[in-house]
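Student: One structure is given below, represented as structure tokens, and several questions about it will come after.
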Amino acid sequence: MSQKKVLVTEKIADVALETLEAKGYQVDVNLDLSPQALAEAIADYDALIVRSATNVTADILDAAQNLKIIGRAGVTVDNIDIEAATERDIIVCNAPVSNIVTAAEHTFALLLACARNVCQANASMHAGQWERAPFTGVELYEKTLAIFGLGRIGGLVAERARAFGMNVVGHDPYCSPERAQALGVTLLEDVDEICAIADFISVHLPLTEDTHHMFGPQQFAQMKDGVIVVNTARPGIVDQKALADFLAAGKVRSCGIDVFEEEPCTMSPLHEFPNAILTPHIAAVTYEAQHRAGAQIAEYVWEGLEGSIVPTAINISPLPPDVVDLVGPYAPACQMMGRILTQINGEMPKVLKIEACGLLAQSDIRVLIAGLMDGLLSYRRVGSITPANAEAVAARHGIKLDVALQPDAEEYASSVRAMADGTEVAATVFGISQAPRIVSLMGYKIDMVPSKSSLLLRYEDAPGRIGVIGTLLGNADVNITTMQIGVSPDGSALVFVNVTGEVSDKLLRQLREAIPGLDLWRLAL
Ligand SMILES: NC(=O)c1ccc[n+]([C@@H]2O[C@H](COP(=O)([O-])OP(=O)(O)OC[C@H]3O[C@@H](n4cnc5c(N)ncnc54)[C@H](O)[C@@H]3O)[C@@H](O)[C@H]2O)c1
Ligand SMILES: O=C(O)CC[C@@H](O)C(=O)O
């Protein structure tokens, strides 16, 4: 089979390039391609990875004869013609939670910079001056912040605003009263009414026909004198010309703007105002967010190219975004569990029991079933397994699915447990990176992030056994990177060891000879 080729047209984290190269793909980074040059180059490629500056139009897609997937290393896909991609069976996927914390924090950087004249005071100091009174600011404490769009980023901004002691009101017709209550936000329907009561306004909306110029002269006229307006969402939602007029009139105290109608943007109606704090679309630009976006998009592009489920596919997925957000990160955990089960059991199970625990129990879990099936079948590649066809694929392989929803996930917000003909494994995802970790295996409680190569040992527990394992692995030049031991009341122990170095058949023989009654598995994950 010929080597698959991935074209990257914008700067993304090295981890993405390294991950894709390690999968055996040819990865070409070609920055600043003109639309014509991109159309000429794209024909050869199986995958395209972009950020926000590459316009992937229908014309480009017409030239993309081999393209199977477009990965957006970030959130918004408004630079990609999704309809044209869908017509051509090209998956479009993104990394929807990779930069949300970063964007929420940048929003606060702007809110605070506006409130406290940070940039103007800094410029004055750099000009050799020492002035204080002109930079008298305002507090956030006990002020009203109006958040437009209470989605992923708007929600994080609300939580942070509450920590500043702000009174938070929000406008989002699609936000449930329960979510608003959990965020401590009072929902208000009337945009003009909110404009009239807000000391600070922060915009976290998508740009749509409804939101285009949602803040124009009429809304600015309603606003309180001295209002601060921040937009880190999309250009065009706030009418820049109207904003400039109301800054000039002194109605708007200050504004923080990260997004511009023409990007790159070196001149705009706002540039002349020192109290317009302008940043060059960097709300998503931190090392952490870039790393996350790169790592996640590389995984998703790989999954797409190998015909696996792409949990964040935007166009070719039957799942709504809130389900993808909640359940999507568990797809890799389920794939890992499936691979573990198939390697322990050595054959396809007759019955696969799946238990979705905690928050997952309230969601559509077809993506979990697809992940498990994908892992189970990973050693006999069977084409695309998607949330839509996973149950049919299971039936085709003679696997009876038994799905249970368990609202209590014990100490985790959510976890997934799978049982393949009696062999049990459970996993959760951890931290903002949402890395999968095994929390139970074959009935033993453990807490393990598996690596590529691992050993699993089960034996009658006795003093000195760990020492024997360590010595034999060390003698064979196999390095232990992590080790977890689970013990059972019946006196047996399960040891999960992540290793680097070659685990030879000879080493496995030596372990079996040294530990009586040892059950031993070599896992490649
Ligand atoms: N500046 C940057 O670098 C950067 C980084 C990340 C995201 N963004 C942008 O930030 C915005 C928010 O991103 P997100 O991930 O939170 O998106 P999201 O989809 O999670 O949230 C958007 C929210 O807006 C609401 N909404 C839609 N139409 C509305 C309307 N007419 N009135 C009121 N509410 C409406 C939706 O119900 C949703 O809750 C997006 O525009 C995204 O493109 C910018
Ligand atoms: O790639 C970027 O930095 C832009 C990110 C941002 O606009 C997004 O929507 O994710």
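Scheme for the structure tokens: letters A, B, ... for chains in order shown; per-chain residue numbers from 1; ligand numbers from 1 in order shown.
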Write out as number ranges by chain the residues lying within 10 Å of Pro35 (chain A), counting only C-alpha atoms and excluding same-chain residues fewer than 6 positions away.

Tutor: A: 41, 54-57, 59-60

Student: Taking the chain letters and numbering used in this document, name the residues of region 48-115 of chain A that DSSP puts in strand (DSSP E), as an MDAnalysis selection string.

Tutor: chainID A and resid 48:50 69:72 91:94

Student: Can you write out the residues you just picked, keeping C-alpha atoms, as a PDB file, in the first residue's frame?

Tutor:
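Output below, filename selection09.pdb:
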ATOM      1  CA  LEU A  48      -5.306  18.294   5.074  1.00  0.00           C
ATOM      2  CA  ILE A  49      -4.696  20.025   8.414  1.00  0.00           C
ATOM      3  CA  VAL A  50      -5.480  23.736   8.752  1.00  0.00           C
ATOM      4  CA  ILE A  69     -10.284  14.115   5.870  1.00  0.00           C
ATOM      5  CA  ILE A  70      -9.749  17.758   6.801  1.00  0.00           C
ATOM      6  CA  GLY A  71      -8.585  18.390  10.352  1.00  0.00           C
ATOM      7  CA  ARG A  72      -9.020  21.811  11.922  1.00  0.00           C
ATOM      8  CA  ILE A  91     -14.734  14.151   6.778  1.00  0.00           C
ATOM      9  CA  VAL A  92     -14.237  17.502   8.485  1.00  0.00           C
ATOM     10  CA  CYS A  93     -13.207  17.299  12.111  1.00  0.00           C
ATOM     11  CA  ASN A  94     -11.904  19.691  14.737  1.00  0.00           C
TER      12      ASN A  94
END

Student: Please report, as a Markdown table, each residue of chain A lying at most 6 Å from ligand 1, together with the nearest pair of atoms and the separation in Å rounded to one decimal; use only C-alpha atoms and all ligand atoms, and order rows by chain and ascending residue number.

Tutor:
| residue | atom | partner | partner_atom_place_in_ligand_line | distance |
| --- | --- | --- | --- | --- |
| A:Val75 | CA | ligand 1 | 6 (C) | 5.7 |
| A:Thr76 | CA | ligand 1 | 43 (O) | 4.5 |
| A:Asn99 | CA | ligand 1 | 6 (C) | 5.9 |
| A:Ile100 | CA | ligand 1 | 6 (C) | 5.9 |
| A:Ala103 | CA | ligand 1 | 5 (C) | 5.2 |
| A:Phe148 | CA | ligand 1 | 33 (C) | 5.7 |
| A:Gly149 | CA | ligand 1 | 24 (O) | 3.6 |
| A:Leu150 | CA | ligand 1 | 39 (O) | 4.5 |
| A:Gly151 | CA | ligand 1 | 39 (O) | 3.3 |
| A:Arg152 | CA | ligand 1 | 16 (O) | 3.8 |
| A:Ile153 | CA | ligand 1 | 16 (O) | 3.6 |
| A:Gly154 | CA | ligand 1 | 16 (O) | 5.4 |
| A:His171 | CA | ligand 1 | 33 (C) | 5.4 |
| A:Asp172 | CA | ligand 1 | 34 (N) | 3.6 |
| A:Pro173 | CA | ligand 1 | 33 (C) | 5.6 |
| A:Tyr174 | CA | ligand 1 | 37 (O) | 4.3 |
| A:Cys175 | CA | ligand 1 | 37 (O) | 5.8 |
| A:His204 | CA | ligand 1 | 12 (C) | 4.2 |
| A:Leu205 | CA | ligand 1 | 24 (O) | 4.1 |
| A:Pro206 | CA | ligand 1 | 41 (O) | 3.6 |
| A:Leu207 | CA | ligand 1 | 41 (O) | 6.0 |
| A:Asp210 | CA | ligand 1 | 31 (N) | 5.2 |
| A:Thr211 | CA | ligand 1 | 31 (N) | 5.1 |
| A:Thr232 | CA | ligand 1 | 1 (N) | 4.5 |
| A:Ala233 | CA | ligand 1 | 10 (O) | 3.5 |
| A:Arg234 | CA | ligand 1 | 41 (O) | 4.8 |
| A:Asp258 | CA | ligand 1 | 1 (N) | 5.8 |
| A:Val259 | CA | ligand 1 | 1 (N) | 6.0 |
| A:His281 | CA | ligand 1 | 1 (N) | 5.2 |
| A:Ile282 | CA | ligand 1 | 3 (O) | 5.4 |
| A:Ala283 | CA | ligand 1 | 3 (O) | 4.1 |
| A:Ala284 | CA | ligand 1 | 3 (O) | 4.1 |

Student: So that I can check the surroundings of Asp461 (chain A), please list as a ChimeraX atom specification every protein, DNA and RNA residue that reaches within 6 Å of it, counting only C-alpha atoms and ignoring chain neighbours fewer than 4 positions away.

Tutor: /A:491-493

Student: Fewer than 6 positions away in the same chain doesn't count, so skip those; otherwise give me all residues within 10 Å of Ala43 (chain A), counting only C-alpha atoms, as a PyMOL selection string.

Tutor: chain A and resi 60-67
